[in-house]
Each structure stands twice: as structure tokens, then as C-alpha cells.
>>> print(open('entry_16.cif').read())   # mmCIF, N, CA, C and O atoms
data_query
loop_
_atom_site.group_PDB
_atom_site.id
_atom_site.type_symbol
_atom_site.label_atom_id
_atom_site.label_comp_id
_atom_site.auth_asym_id
_atom_site.auth_seq_id
_atom_site.Cartn_x
_atom_site.Cartn_y
_atom_site.Cartn_z
ATOM 1 N N MET A 1204 29.802 7.685 -42.457
ATOM 2 C CA MET A 1204 28.811 8.551 -41.872
ATOM 3 C C MET A 1204 29.332 9.101 -40.542
ATOM 4 O O MET A 1204 29.900 8.359 -39.753
ATOM 5 N N THR A 1205 29.089 10.345 -40.286
ATOM 6 C CA THR A 1205 29.557 10.946 -39.032
ATOM 7 C C THR A 1205 28.624 10.550 -37.893
ATOM 8 O O THR A 1205 27.444 10.262 -38.106
ATOM 9 N N PRO A 1206 29.151 10.548 -36.677
ATOM 10 C CA PRO A 1206 28.301 10.204 -35.531
ATOM 11 C C PRO A 1206 27.088 11.124 -35.399
ATOM 12 O O PRO A 1206 25.992 10.661 -35.056
ATOM 13 N N ALA A 1207 27.258 12.406 -35.673
ATOM 14 C CA ALA A 1207 26.132 13.338 -35.558
ATOM 15 C C ALA A 1207 25.028 12.977 -36.550
ATOM 16 O O ALA A 1207 23.839 13.017 -36.218
ATOM 17 N N LEU A 1208 25.405 12.601 -37.768
ATOM 18 C CA LEU A 1208 24.417 12.219 -38.771
ATOM 19 C C LEU A 1208 23.709 10.929 -38.371
ATOM 20 O O LEU A 1208 22.495 10.799 -38.538
ATOM 21 N N LEU A 1209 24.458 9.991 -37.814
ATOM 22 C CA LEU A 1209 23.851 8.745 -37.347
ATOM 23 C C LEU A 1209 22.836 9.005 -36.231
ATOM 24 O O LEU A 1209 21.759 8.394 -36.211
ATOM 25 N N VAL A 1210 23.173 9.916 -35.318
ATOM 26 C CA VAL A 1210 22.245 10.251 -34.238
ATOM 27 C C VAL A 1210 20.979 10.883 -34.813
ATOM 28 O O VAL A 1210 19.859 10.549 -34.406
ATOM 29 N N LEU A 1211 21.136 11.791 -35.760
ATOM 30 C CA LEU A 1211 19.967 12.421 -36.384
ATOM 31 C C LEU A 1211 19.094 11.400 -37.101
ATOM 32 O O LEU A 1211 17.861 11.438 -36.995
ATOM 33 N N LEU A 1212 19.713 10.483 -37.824
ATOM 34 C CA LEU A 1212 18.953 9.438 -38.510
ATOM 35 C C LEU A 1212 18.231 8.530 -37.510
ATOM 36 O O LEU A 1212 17.080 8.157 -37.713
ATOM 37 N N ALA A 1213 18.922 8.174 -36.435
ATOM 38 C CA ALA A 1213 18.311 7.318 -35.413
ATOM 39 C C ALA A 1213 17.131 8.023 -34.751
ATOM 40 O O ALA A 1213 16.081 7.404 -34.522
ATOM 41 N N CYS A 1214 17.284 9.306 -34.468
ATOM 42 C CA CYS A 1214 16.177 10.070 -33.871
ATOM 43 C C CYS A 1214 14.988 10.142 -34.828
ATOM 44 O O CYS A 1214 13.834 10.003 -34.409
ATOM 45 N N GLY A 1215 15.269 10.361 -36.102
ATOM 46 C CA GLY A 1215 14.193 10.413 -37.089
ATOM 47 C C GLY A 1215 13.473 9.081 -37.211
ATOM 48 O O GLY A 1215 12.238 9.032 -37.283
ATOM 49 N N LEU A 1216 14.238 7.998 -37.224
ATOM 50 C CA LEU A 1216 13.640 6.663 -37.304
ATOM 51 C C LEU A 1216 12.803 6.368 -36.063
ATOM 52 O O LEU A 1216 11.695 5.825 -36.161
ATOM 53 N N ASP A 1217 13.322 6.740 -34.891
ATOM 54 C CA ASP A 1217 12.561 6.526 -33.651
ATOM 55 C C ASP A 1217 11.280 7.350 -33.659
ATOM 56 O O ASP A 1217 10.228 6.870 -33.243
ATOM 57 N N ARG A 1218 11.350 8.570 -34.154
ATOM 58 C CA ARG A 1218 10.159 9.418 -34.221
ATOM 59 C C ARG A 1218 9.133 8.847 -35.206
ATOM 60 O O ARG A 1218 7.936 8.877 -34.956
ATOM 61 N N LEU A 1219 9.617 8.301 -36.303
ATOM 62 C CA LEU A 1219 8.735 7.753 -37.329
ATOM 63 C C LEU A 1219 8.065 6.458 -36.862
ATOM 64 O O LEU A 1219 6.854 6.295 -36.999
ATOM 65 N N LEU A 1220 8.849 5.554 -36.288
ATOM 66 C CA LEU A 1220 8.321 4.240 -35.906
ATOM 67 C C LEU A 1220 7.868 4.176 -34.451
ATOM 68 O O LEU A 1220 6.866 3.539 -34.145
ATOM 69 N N GLY A 1221 8.627 4.775 -33.574
ATOM 70 C CA GLY A 1221 8.291 4.752 -32.149
ATOM 71 C C GLY A 1221 8.370 3.352 -31.558
ATOM 72 O O GLY A 1221 8.816 2.401 -32.189
ATOM 73 N N ASP A 1222 7.949 3.234 -30.323
ATOM 74 C CA ASP A 1222 7.911 1.946 -29.632
ATOM 75 C C ASP A 1222 6.508 1.371 -29.738
ATOM 76 O O ASP A 1222 5.530 2.102 -29.609
ATOM 77 N N PRO A 1223 6.390 0.059 -29.947
ATOM 78 C CA PRO A 1223 5.057 -0.545 -29.966
ATOM 79 C C PRO A 1223 4.372 -0.358 -28.613
ATOM 80 O O PRO A 1223 5.001 -0.479 -27.566
ATOM 81 N N LEU A 1224 3.095 -0.048 -28.632
ATOM 82 C CA LEU A 1224 2.362 0.187 -27.387
ATOM 83 C C LEU A 1224 2.256 -1.066 -26.532
ATOM 84 O O LEU A 1224 2.165 -0.988 -25.310
ATOM 85 N N TRP A 1225 2.269 -2.238 -27.161
ATOM 86 C CA TRP A 1225 2.120 -3.489 -26.426
ATOM 87 C C TRP A 1225 3.433 -3.958 -25.800
ATOM 88 O O TRP A 1225 3.453 -4.882 -25.010
ATOM 89 N N TRP A 1226 4.562 -3.340 -26.159
ATOM 90 C CA TRP A 1226 5.866 -3.774 -25.659
ATOM 91 C C TRP A 1226 6.302 -2.860 -24.512
ATOM 92 O O TRP A 1226 6.416 -1.661 -24.686
ATOM 93 N N PRO A 1227 6.559 -3.410 -23.318
ATOM 94 C CA PRO A 1227 6.971 -2.546 -22.209
ATOM 95 C C PRO A 1227 8.342 -1.908 -22.463
ATOM 96 O O PRO A 1227 9.240 -2.548 -23.011
ATOM 97 N N HIS A 1228 8.470 -0.669 -22.063
ATOM 98 C CA HIS A 1228 9.723 0.063 -22.232
ATOM 99 C C HIS A 1228 10.698 -0.362 -21.137
ATOM 100 O O HIS A 1228 10.280 -0.680 -20.018
ATOM 101 N N PRO A 1229 11.994 -0.388 -21.401
ATOM 102 C CA PRO A 1229 12.973 -0.778 -20.369
ATOM 103 C C PRO A 1229 12.884 0.071 -19.097
ATOM 104 O O PRO A 1229 13.126 -0.428 -17.999
ATOM 105 N N VAL A 1230 12.517 1.340 -19.235
ATOM 106 C CA VAL A 1230 12.389 2.187 -18.053
ATOM 107 C C VAL A 1230 11.239 1.703 -17.170
ATOM 108 O O VAL A 1230 11.311 1.803 -15.941
ATOM 109 N N GLN A 1231 10.193 1.140 -17.768
ATOM 110 C CA GLN A 1231 9.106 0.561 -16.973
ATOM 111 C C GLN A 1231 9.615 -0.625 -16.156
ATOM 112 O O GLN A 1231 9.269 -0.766 -14.983
ATOM 113 N N ALA A 1232 10.431 -1.458 -16.767
ATOM 114 C CA ALA A 1232 10.995 -2.607 -16.048
ATOM 115 C C ALA A 1232 11.872 -2.136 -14.897
ATOM 116 O O ALA A 1232 11.837 -2.711 -13.798
ATOM 117 N N MET A 1233 12.646 -1.076 -15.126
ATOM 118 C CA MET A 1233 13.465 -0.524 -14.047
ATOM 119 C C MET A 1233 12.571 0.005 -12.923
ATOM 120 O O MET A 1233 12.872 -0.195 -11.744
ATOM 121 N N GLY A 1234 11.480 0.660 -13.276
ATOM 122 C CA GLY A 1234 10.559 1.177 -12.268
ATOM 123 C C GLY A 1234 9.938 0.066 -11.451
ATOM 124 O O GLY A 1234 9.814 0.174 -10.218
ATOM 125 N N TRP A 1235 9.550 -1.013 -12.104
ATOM 126 C CA TRP A 1235 8.977 -2.159 -11.390
ATOM 127 C C TRP A 1235 10.013 -2.746 -10.425
ATOM 128 O O TRP A 1235 9.695 -3.078 -9.292
ATOM 129 N N SER A 1236 11.241 -2.885 -10.923
ATOM 130 C CA SER A 1236 12.318 -3.439 -10.082
ATOM 131 C C SER A 1236 12.586 -2.546 -8.884
ATOM 132 O O SER A 1236 12.726 -3.035 -7.754
ATOM 133 N N ILE A 1237 12.658 -1.237 -9.113
ATOM 134 C CA ILE A 1237 12.914 -0.300 -8.017
ATOM 135 C C ILE A 1237 11.792 -0.368 -6.991
ATOM 136 O O ILE A 1237 12.049 -0.367 -5.779
ATOM 137 N N THR A 1238 10.553 -0.452 -7.447
ATOM 138 C CA THR A 1238 9.420 -0.524 -6.526
ATOM 139 C C THR A 1238 9.494 -1.769 -5.653
ATOM 140 O O THR A 1238 9.329 -1.692 -4.427
ATOM 141 N N MET A 1239 9.766 -2.913 -6.258
ATOM 142 C CA MET A 1239 9.847 -4.163 -5.487
ATOM 143 C C MET A 1239 11.028 -4.134 -4.514
ATOM 144 O O MET A 1239 10.890 -4.530 -3.354
ATOM 145 N N LEU A 1240 12.187 -3.655 -4.985
ATOM 146 C CA LEU A 1240 13.356 -3.603 -4.119
ATOM 147 C C LEU A 1240 13.149 -2.607 -2.976
ATOM 148 O O LEU A 1240 13.556 -2.858 -1.839
ATOM 149 N N ARG A 1241 12.526 -1.469 -3.276
ATOM 150 C CA ARG A 1241 12.269 -0.468 -2.243
ATOM 151 C C ARG A 1241 11.362 -1.021 -1.149
ATOM 152 O O ARG A 1241 11.601 -0.806 0.045
ATOM 153 N N GLN A 1242 10.339 -1.749 -1.556
ATOM 154 C CA GLN A 1242 9.441 -2.345 -0.562
ATOM 155 C C GLN A 1242 10.201 -3.336 0.321
ATOM 156 O O GLN A 1242 10.001 -3.379 1.538
ATOM 157 N N ALA A 1243 11.080 -4.120 -0.293
ATOM 158 C CA ALA A 1243 11.865 -5.088 0.480
ATOM 159 C C ALA A 1243 12.822 -4.369 1.432
ATOM 160 O O ALA A 1243 12.970 -4.764 2.597
ATOM 161 N N VAL A 1244 13.469 -3.312 0.959
ATOM 162 C CA VAL A 1244 14.396 -2.554 1.801
ATOM 163 C C VAL A 1244 13.654 -1.908 2.966
ATOM 164 O O VAL A 1244 14.106 -1.965 4.115
ATOM 165 N N GLU A 1245 12.501 -1.305 2.686
ATOM 166 C CA GLU A 1245 11.746 -0.648 3.755
ATOM 167 C C GLU A 1245 11.222 -1.650 4.782
ATOM 168 O O GLU A 1245 11.187 -1.355 5.976
ATOM 169 N N ALA A 1246 10.842 -2.836 4.332
ATOM 170 C CA ALA A 1246 10.380 -3.875 5.266
ATOM 171 C C ALA A 1246 11.541 -4.332 6.150
ATOM 172 O O ALA A 1246 11.377 -4.559 7.352
ATOM 173 N N TRP A 1247 12.726 -4.446 5.561
ATOM 174 C CA TRP A 1247 13.910 -4.877 6.312
ATOM 175 C C TRP A 1247 14.412 -3.789 7.246
ATOM 176 O O TRP A 1247 14.772 -4.055 8.392
ATOM 177 N N ALA A 1248 14.431 -2.545 6.778
ATOM 178 C CA ALA A 1248 15.044 -1.448 7.531
ATOM 179 C C ALA A 1248 14.129 -0.872 8.602
ATOM 180 O O ALA A 1248 14.615 -0.369 9.617
ATOM 181 N N GLY A 1249 12.841 -0.922 8.374
ATOM 182 C CA GLY A 1249 11.927 -0.294 9.340
ATOM 183 C C GLY A 1249 12.185 1.202 9.398
ATOM 184 O O GLY A 1249 12.261 1.870 8.374
ATOM 185 N N ASP A 1250 12.354 1.722 10.608
ATOM 186 C CA ASP A 1250 12.616 3.153 10.791
ATOM 187 C C ASP A 1250 14.075 3.443 11.100
ATOM 188 O O ASP A 1250 14.411 4.560 11.494
ATOM 189 N N ALA A 1251 14.949 2.463 10.949
ATOM 190 C CA ALA A 1251 16.366 2.646 11.265
ATOM 191 C C ALA A 1251 17.066 3.408 10.135
ATOM 192 O O ALA A 1251 17.205 2.878 9.028
ATOM 193 N N PRO A 1252 17.510 4.645 10.387
ATOM 194 C CA PRO A 1252 18.123 5.457 9.331
ATOM 195 C C PRO A 1252 19.344 4.814 8.668
ATOM 196 O O PRO A 1252 19.498 4.885 7.455
ATOM 197 N N ARG A 1253 20.183 4.179 9.466
ATOM 198 C CA ARG A 1253 21.384 3.546 8.875
ATOM 199 C C ARG A 1253 21.006 2.402 7.935
ATOM 200 O O ARG A 1253 21.588 2.251 6.872
ATOM 201 N N ARG A 1254 20.038 1.611 8.343
ATOM 202 C CA ARG A 1254 19.590 0.518 7.469
ATOM 203 C C ARG A 1254 18.934 1.053 6.201
ATOM 204 O O ARG A 1254 19.107 0.491 5.129
ATOM 205 N N LEU A 1255 18.169 2.139 6.340
ATOM 206 C CA LEU A 1255 17.545 2.743 5.155
ATOM 207 C C LEU A 1255 18.609 3.258 4.183
ATOM 208 O O LEU A 1255 18.487 3.078 2.971
ATOM 209 N N ARG A 1256 19.644 3.911 4.706
ATOM 210 C CA ARG A 1256 20.726 4.399 3.828
ATOM 211 C C ARG A 1256 21.464 3.235 3.169
ATOM 212 O O ARG A 1256 21.759 3.274 1.975
ATOM 213 N N LEU A 1257 21.766 2.213 3.937
ATOM 214 C CA LEU A 1257 22.442 1.044 3.385
ATOM 215 C C LEU A 1257 21.572 0.374 2.320
ATOM 216 O O LEU A 1257 22.052 0.035 1.228
ATOM 217 N N GLY A 1258 20.303 0.214 2.636
ATOM 218 C CA GLY A 1258 19.386 -0.392 1.669
ATOM 219 C C GLY A 1258 19.260 0.441 0.411
ATOM 220 O O GLY A 1258 19.232 -0.083 -0.702
ATOM 221 N N GLY A 1259 19.211 1.768 0.557
ATOM 222 C CA GLY A 1259 19.136 2.650 -0.613
ATOM 223 C C GLY A 1259 20.381 2.563 -1.471
ATOM 224 O O GLY A 1259 20.311 2.549 -2.701
ATOM 225 N N ALA A 1260 21.540 2.495 -0.811
ATOM 226 C CA ALA A 1260 22.794 2.373 -1.556
ATOM 227 C C ALA A 1260 22.849 1.040 -2.306
ATOM 228 O O ALA A 1260 23.250 0.988 -3.475
ATOM 229 N N LEU A 1261 22.427 -0.026 -1.645
ATOM 230 C CA LEU A 1261 22.413 -1.338 -2.300
ATOM 231 C C LEU A 1261 21.401 -1.378 -3.446
ATOM 232 O O LEU A 1261 21.681 -1.948 -4.501
ATOM 233 N N LEU A 1262 20.249 -0.752 -3.233
ATOM 234 C CA LEU A 1262 19.245 -0.689 -4.283
ATOM 235 C C LEU A 1262 19.813 0.031 -5.508
ATOM 236 O O LEU A 1262 19.671 -0.439 -6.638
ATOM 237 N N ALA A 1263 20.464 1.171 -5.288
ATOM 238 C CA ALA A 1263 21.059 1.918 -6.398
ATOM 239 C C ALA A 1263 22.118 1.086 -7.107
ATOM 240 O O ALA A 1263 22.178 1.051 -8.346
ATOM 241 N N LEU A 1264 22.936 0.394 -6.349
ATOM 242 C CA LEU A 1264 23.982 -0.447 -6.932
ATOM 243 C C LEU A 1264 23.377 -1.569 -7.772
ATOM 244 O O LEU A 1264 23.834 -1.831 -8.890
ATOM 245 N N VAL A 1265 22.339 -2.200 -7.268
ATOM 246 C CA VAL A 1265 21.692 -3.294 -8.002
ATOM 247 C C VAL A 1265 21.064 -2.785 -9.298
ATOM 248 O O VAL A 1265 21.202 -3.407 -10.358
ATOM 249 N N VAL A 1266 20.392 -1.642 -9.237
ATOM 250 C CA VAL A 1266 19.727 -1.104 -10.426
ATOM 251 C C VAL A 1266 20.754 -0.686 -11.484
ATOM 252 O O VAL A 1266 20.617 -1.014 -12.663
ATOM 253 N N VAL A 1267 21.810 0.010 -11.059
ATOM 254 C CA VAL A 1267 22.829 0.453 -12.018
ATOM 255 C C VAL A 1267 23.577 -0.748 -12.597
ATOM 256 O O VAL A 1267 23.771 -0.841 -13.818
ATOM 257 N N ALA A 1268 23.977 -1.681 -11.741
ATOM 258 C CA ALA A 1268 24.692 -2.872 -12.230
ATOM 259 C C ALA A 1268 23.792 -3.719 -13.123
ATOM 260 O O ALA A 1268 24.234 -4.212 -14.170
ATOM 261 N N GLY A 1269 22.541 -3.872 -12.735
ATOM 262 C CA GLY A 1269 21.612 -4.657 -13.549
ATOM 263 C C GLY A 1269 21.389 -4.032 -14.920
ATOM 264 O O GLY A 1269 21.345 -4.735 -15.935
ATOM 265 N N SER A 1270 21.265 -2.719 -14.954
ATOM 266 C CA SER A 1270 21.084 -2.024 -16.231
ATOM 267 C C SER A 1270 22.322 -2.179 -17.104
ATOM 268 O O SER A 1270 22.227 -2.424 -18.310
ATOM 269 N N GLY A 1271 23.485 -2.030 -16.478
ATOM 270 C CA GLY A 1271 24.734 -2.194 -17.235
ATOM 271 C C GLY A 1271 24.898 -3.604 -17.778
ATOM 272 O O GLY A 1271 25.289 -3.794 -18.931
ATOM 273 N N LEU A 1272 24.591 -4.583 -16.946
ATOM 274 C CA LEU A 1272 24.701 -5.979 -17.397
ATOM 275 C C LEU A 1272 23.692 -6.299 -18.497
ATOM 276 O O LEU A 1272 24.012 -7.038 -19.435
ATOM 277 N N ALA A 1273 22.494 -5.749 -18.385
ATOM 278 C CA ALA A 1273 21.492 -5.972 -19.434
ATOM 279 C C ALA A 1273 21.968 -5.369 -20.757
ATOM 280 O O ALA A 1273 21.866 -6.010 -21.807
ATOM 281 N N GLY A 1274 22.491 -4.157 -20.700
ATOM 282 C CA GLY A 1274 23.014 -3.531 -21.917
ATOM 283 C C GLY A 1274 24.180 -4.307 -22.499
ATOM 284 O O GLY A 1274 24.269 -4.509 -23.713
ATOM 285 N N TRP A 1275 25.075 -4.765 -21.625
ATOM 286 C CA TRP A 1275 26.208 -5.551 -22.082
ATOM 287 C C TRP A 1275 25.733 -6.847 -22.737
ATOM 288 O O TRP A 1275 26.240 -7.261 -23.781
ATOM 289 N N GLY A 1276 24.741 -7.494 -22.120
ATOM 290 C CA GLY A 1276 24.220 -8.751 -22.675
ATOM 291 C C GLY A 1276 23.567 -8.553 -24.031
ATOM 292 O O GLY A 1276 23.766 -9.359 -24.953
ATOM 293 N N ILE A 1277 22.785 -7.489 -24.174
ATOM 294 C CA ILE A 1277 22.152 -7.209 -25.465
ATOM 295 C C ILE A 1277 23.211 -6.926 -26.525
ATOM 296 O O ILE A 1277 23.106 -7.406 -27.663
ATOM 297 N N GLU A 1278 24.226 -6.166 -26.145
ATOM 298 C CA GLU A 1278 25.301 -5.866 -27.095
ATOM 299 C C GLU A 1278 26.051 -7.137 -27.486
ATOM 300 O O GLU A 1278 26.401 -7.330 -28.665
ATOM 301 N N ALA A 1279 26.296 -8.016 -26.529
ATOM 302 C CA ALA A 1279 26.994 -9.264 -26.826
ATOM 303 C C ALA A 1279 26.161 -10.141 -27.767
ATOM 304 O O ALA A 1279 26.703 -10.756 -28.686
ATOM 305 N N LEU A 1280 24.848 -10.172 -27.549
ATOM 306 C CA LEU A 1280 23.980 -10.948 -28.444
ATOM 307 C C LEU A 1280 23.950 -10.341 -29.854
ATOM 308 O O LEU A 1280 23.908 -11.071 -30.847
ATOM 309 N N ALA A 1281 23.975 -9.017 -29.927
ATOM 310 C CA ALA A 1281 23.932 -8.359 -31.242
ATOM 311 C C ALA A 1281 25.205 -8.603 -32.029
ATOM 312 O O ALA A 1281 25.176 -8.604 -33.265
ATOM 313 N N ARG A 1282 26.311 -8.828 -31.358
ATOM 314 C CA ARG A 1282 27.588 -9.079 -32.055
ATOM 315 C C ARG A 1282 27.641 -10.457 -32.701
ATOM 316 O O ARG A 1282 28.400 -10.687 -33.614
ATOM 317 N N ARG A 1283 26.820 -11.388 -32.211
ATOM 318 C CA ARG A 1283 26.849 -12.758 -32.742
ATOM 319 C C ARG A 1283 26.155 -12.867 -34.049
ATOM 320 O O ARG A 1283 25.289 -12.372 -34.499
#
>>> encode(input="entry_16.cif", output="C-alpha cells")
Amino acid sequence: MTPALLVLLACGLDRLLGDPLWWPHPVQAMGWSITMLRQAVEAWAGDAPRRLRLGGALLALVVVAGSGLAGWGIEALARR
């Protein structure tokens, strides 16, 4: 099967079945994490621009690394 056909089939299956309403979407979990981390960064940084930039950079790094590690972990579990 070609990759394009697999993508079309996956899109059709997702459209047909969708996500269960009772199951939180991964993007919701990322939003919750960003909200909590942002509050912590703002409490730590106060009004100091350098601290806010540093905190924002660290927040972005944590979110991107966490998402990558979560994807890697799910893929590793699926291989077993």
C-alpha cells in the first residue's frame, strides 16, 4: 500500500470512528501542562523580562521534549 493511500484510509477511519467524548485528547493534556507551567514561570519571574524569556524558553523546551518522549514511549510500547 502506498503512503498516500494509508493516509487516506486513516483519515476515513478517524472520520468514521472519531475520538471517544469521554477520553481526553492529547492536545488537552498539553494545554493543561502549559497552563500549569506558565503559572509557575510567571510566579517565579514576576515582571522581570529576562526571567520571563528564560521561563518561556524552558516551558517550550519541556513541552516539546515531553511530547517527543511521550510519542517515543507509545511507539516503543506498540513495537512490543
>>> select_by_dssp(input="entry_16.cif", residues="chain A", states="helix (DSSP H, G or I)", output="JSON, numbers by chain")
{"A": [1206, 1207, 1208, 1209, 1210, 1211, 1212, 1213, 1214, 1215, 1216, 1217, 1218, 1219, 1220, 1229, 1230, 1231, 1232, 1233, 1234, 1235, 1236, 1237, 1238, 1239, 1240, 1241, 1242, 1243, 1244, 1245, 1246, 1247, 1248, 1252, 1253, 1254, 1255, 1256, 1257, 1258, 1259, 1260, 1261, 1262, 1263, 1264, 1265, 1266, 1267, 1268, 1269, 1270, 1271, 1272, 1273, 1274, 1275, 1276, 1277, 1278, 1279, 1280, 1281, 1282]}
>>> atom_distance(input="entry_16.cif", atom1="atom C of Leu1209 of chain A", atom2="atom O of Gln1231 of chain A")
27.0 Å
>>> residues_near_point(input="entry_16.cif", point="(20.6, 2.9, -6.7)", cutoff="12 Å", atoms="only C-alpha atoms", output="PyMOL selection string")
chain A and resi 1233-1234+1236-1238+1240-1241+1244+1256-1270
>>> axis_aligned_box(input="entry_16.cif", around="segment 1212-1227 of chain A", padding_each_side="3 Å", output="JSON")
{"center_x": 10.9, "center_y": 2.8, "center_z": -30.4, "size_x": 23.6, "size_y": 21.4, "size_z": 22.3}
>>> atom_distance(input="entry_16.cif", atom1="atom CA of Gly1249 of chain A", atom2="atom O of Trp1235 of chain A")
19.0 Å
>>> atom_distance(input="entry_16.cif", atom1="atom CA of Arg1218 of chain A", atom2="atom C of Arg1283 of chain A")
27.4 Å
>>> decode(input="entry_16.cif", residues="segment 1241-1261 of chain A", atoms="N, CA, C and O atoms", output="PDB file, in the first residue's frame")
ATOM      1  N   ARG A1241       3.072  27.695  32.845  1.00  0.00           N
ATOM      2  CA  ARG A1241       3.046  29.145  32.661  1.00  0.00           C
ATOM      3  C   ARG A1241       2.793  29.866  33.980  1.00  0.00           C
ATOM      4  O   ARG A1241       3.440  30.873  34.289  1.00  0.00           O
ATOM      5  N   GLN A1242       1.871  29.339  34.762  1.00  0.00           N
ATOM      6  CA  GLN A1242       1.594  29.955  36.064  1.00  0.00           C
ATOM      7  C   GLN A1242       2.833  29.899  36.958  1.00  0.00           C
ATOM      8  O   GLN A1242       3.153  30.867  37.654  1.00  0.00           O
ATOM      9  N   ALA A1243       3.535  28.773  36.924  1.00  0.00           N
ATOM     10  CA  ALA A1243       4.748  28.639  37.738  1.00  0.00           C
ATOM     11  C   ALA A1243       5.833  29.601  37.249  1.00  0.00           C
ATOM     12  O   ALA A1243       6.516  30.247  38.058  1.00  0.00           O
ATOM     13  N   VAL A1244       5.999  29.716  35.938  1.00  0.00           N
ATOM     14  CA  VAL A1244       7.004  30.622  35.379  1.00  0.00           C
ATOM     15  C   VAL A1244       6.673  32.068  35.730  1.00  0.00           C
ATOM     16  O   VAL A1244       7.550  32.835  36.145  1.00  0.00           O
ATOM     17  N   GLU A1245       5.407  32.450  35.586  1.00  0.00           N
ATOM     18  CA  GLU A1245       5.025  33.831  35.887  1.00  0.00           C
ATOM     19  C   GLU A1245       5.180  34.155  37.371  1.00  0.00           C
ATOM     20  O   GLU A1245       5.566  35.268  37.727  1.00  0.00           O
ATOM     21  N   ALA A1246       4.910  33.187  38.234  1.00  0.00           N
ATOM     22  CA  ALA A1246       5.091  33.404  39.678  1.00  0.00           C
ATOM     23  C   ALA A1246       6.576  33.578  39.995  1.00  0.00           C
ATOM     24  O   ALA A1246       6.961  34.417  40.814  1.00  0.00           O
ATOM     25  N   TRP A1247       7.421  32.799  39.327  1.00  0.00           N
ATOM     26  CA  TRP A1247       8.868  32.880  39.552  1.00  0.00           C
ATOM     27  C   TRP A1247       9.462  34.142  38.949  1.00  0.00           C
ATOM     28  O   TRP A1247      10.299  34.804  39.562  1.00  0.00           O
ATOM     29  N   ALA A1248       9.030  34.504  37.745  1.00  0.00           N
ATOM     30  CA  ALA A1248       9.648  35.606  37.004  1.00  0.00           C
ATOM     31  C   ALA A1248       9.142  36.975  37.433  1.00  0.00           C
ATOM     32  O   ALA A1248       9.877  37.959  37.333  1.00  0.00           O
ATOM     33  N   GLY A1249       7.912  37.042  37.877  1.00  0.00           N
ATOM     34  CA  GLY A1249       7.353  38.359  38.216  1.00  0.00           C
ATOM     35  C   GLY A1249       7.292  39.229  36.972  1.00  0.00           C
ATOM     36  O   GLY A1249       6.809  38.807  35.929  1.00  0.00           O
ATOM     37  N   ASP A1250       7.820  40.443  37.078  1.00  0.00           N
ATOM     38  CA  ASP A1250       7.826  41.372  35.944  1.00  0.00           C
ATOM     39  C   ASP A1250       9.190  41.472  35.282  1.00  0.00           C
ATOM     40  O   ASP A1250       9.414  42.365  34.464  1.00  0.00           O
ATOM     41  N   ALA A1251      10.115  40.593  35.625  1.00  0.00           N
ATOM     42  CA  ALA A1251      11.466  40.645  35.068  1.00  0.00           C
ATOM     43  C   ALA A1251      11.477  40.062  33.651  1.00  0.00           C
ATOM     44  O   ALA A1251      11.268  38.857  33.479  1.00  0.00           O
ATOM     45  N   PRO A1252      11.715  40.892  32.628  1.00  0.00           N
ATOM     46  CA  PRO A1252      11.667  40.415  31.242  1.00  0.00           C
ATOM     47  C   PRO A1252      12.624  39.259  30.939  1.00  0.00           C
ATOM     48  O   PRO A1252      12.260  38.322  30.240  1.00  0.00           O
ATOM     49  N   ARG A1253      13.826  39.330  31.482  1.00  0.00           N
ATOM     50  CA  ARG A1253      14.792  38.241  31.213  1.00  0.00           C
ATOM     51  C   ARG A1253      14.318  36.915  31.806  1.00  0.00           C
ATOM     52  O   ARG A1253      14.443  35.874  31.183  1.00  0.00           O
ATOM     53  N   ARG A1254      13.785  36.975  33.007  1.00  0.00           N
ATOM     54  CA  ARG A1254      13.264  35.746  33.621  1.00  0.00           C
ATOM     55  C   ARG A1254      12.058  35.210  32.857  1.00  0.00           C
ATOM     56  O   ARG A1254      11.900  34.006  32.713  1.00  0.00           O
ATOM     57  N   LEU A1255      11.204  36.120  32.382  1.00  0.00           N
ATOM     58  CA  LEU A1255      10.045  35.683  31.590  1.00  0.00           C
ATOM     59  C   LEU A1255      10.495  35.001  30.297  1.00  0.00           C
ATOM     60  O   LEU A1255       9.938  33.975  29.905  1.00  0.00           O
ATOM     61  N   ARG A1256      11.491  35.573  29.624  1.00  0.00           N
ATOM     62  CA  ARG A1256      12.001  34.944  28.389  1.00  0.00           C
ATOM     63  C   ARG A1256      12.639  33.589  28.687  1.00  0.00           C
ATOM     64  O   ARG A1256      12.415  32.617  27.966  1.00  0.00           O
ATOM     65  N   LEU A1257      13.431  33.523  29.734  1.00  0.00           N
ATOM     66  CA  LEU A1257      14.058  32.261  30.112  1.00  0.00           C
ATOM     67  C   LEU A1257      12.995  31.221  30.473  1.00  0.00           C
ATOM     68  O   LEU A1257      13.056  30.067  30.021  1.00  0.00           O
ATOM     69  N   GLY A1258      12.024  31.643  31.256  1.00  0.00           N
ATOM     70  CA  GLY A1258      10.946  30.727  31.633  1.00  0.00           C
ATOM     71  C   GLY A1258      10.154  30.262  30.429  1.00  0.00           C
ATOM     72  O   GLY A1258       9.793  29.091  30.316  1.00  0.00           O
ATOM     73  N   GLY A1259       9.890  31.167  29.482  1.00  0.00           N
ATOM     74  CA  GLY A1259       9.169  30.789  28.261  1.00  0.00           C
ATOM     75  C   GLY A1259       9.953  29.803  27.421  1.00  0.00           C
ATOM     76  O   GLY A1259       9.400  28.850  26.870  1.00  0.00           O
ATOM     77  N   ALA A1260      11.265  30.032  27.327  1.00  0.00           N
ATOM     78  CA  ALA A1260      12.110  29.112  26.563  1.00  0.00           C
ATOM     79  C   ALA A1260      12.138  27.731  27.223  1.00  0.00           C
ATOM     80  O   ALA A1260      12.037  26.702  26.543  1.00  0.00           O
ATOM     81  N   LEU A1261      12.250  27.709  28.542  1.00  0.00           N
ATOM     82  CA  LEU A1261      12.251  26.430  29.258  1.00  0.00           C
ATOM     83  C   LEU A1261      10.897  25.727  29.145  1.00  0.00           C
ATOM     84  O   LEU A1261      10.843  24.509  28.972  1.00  0.00           O
TER      85      LEU A1261
END
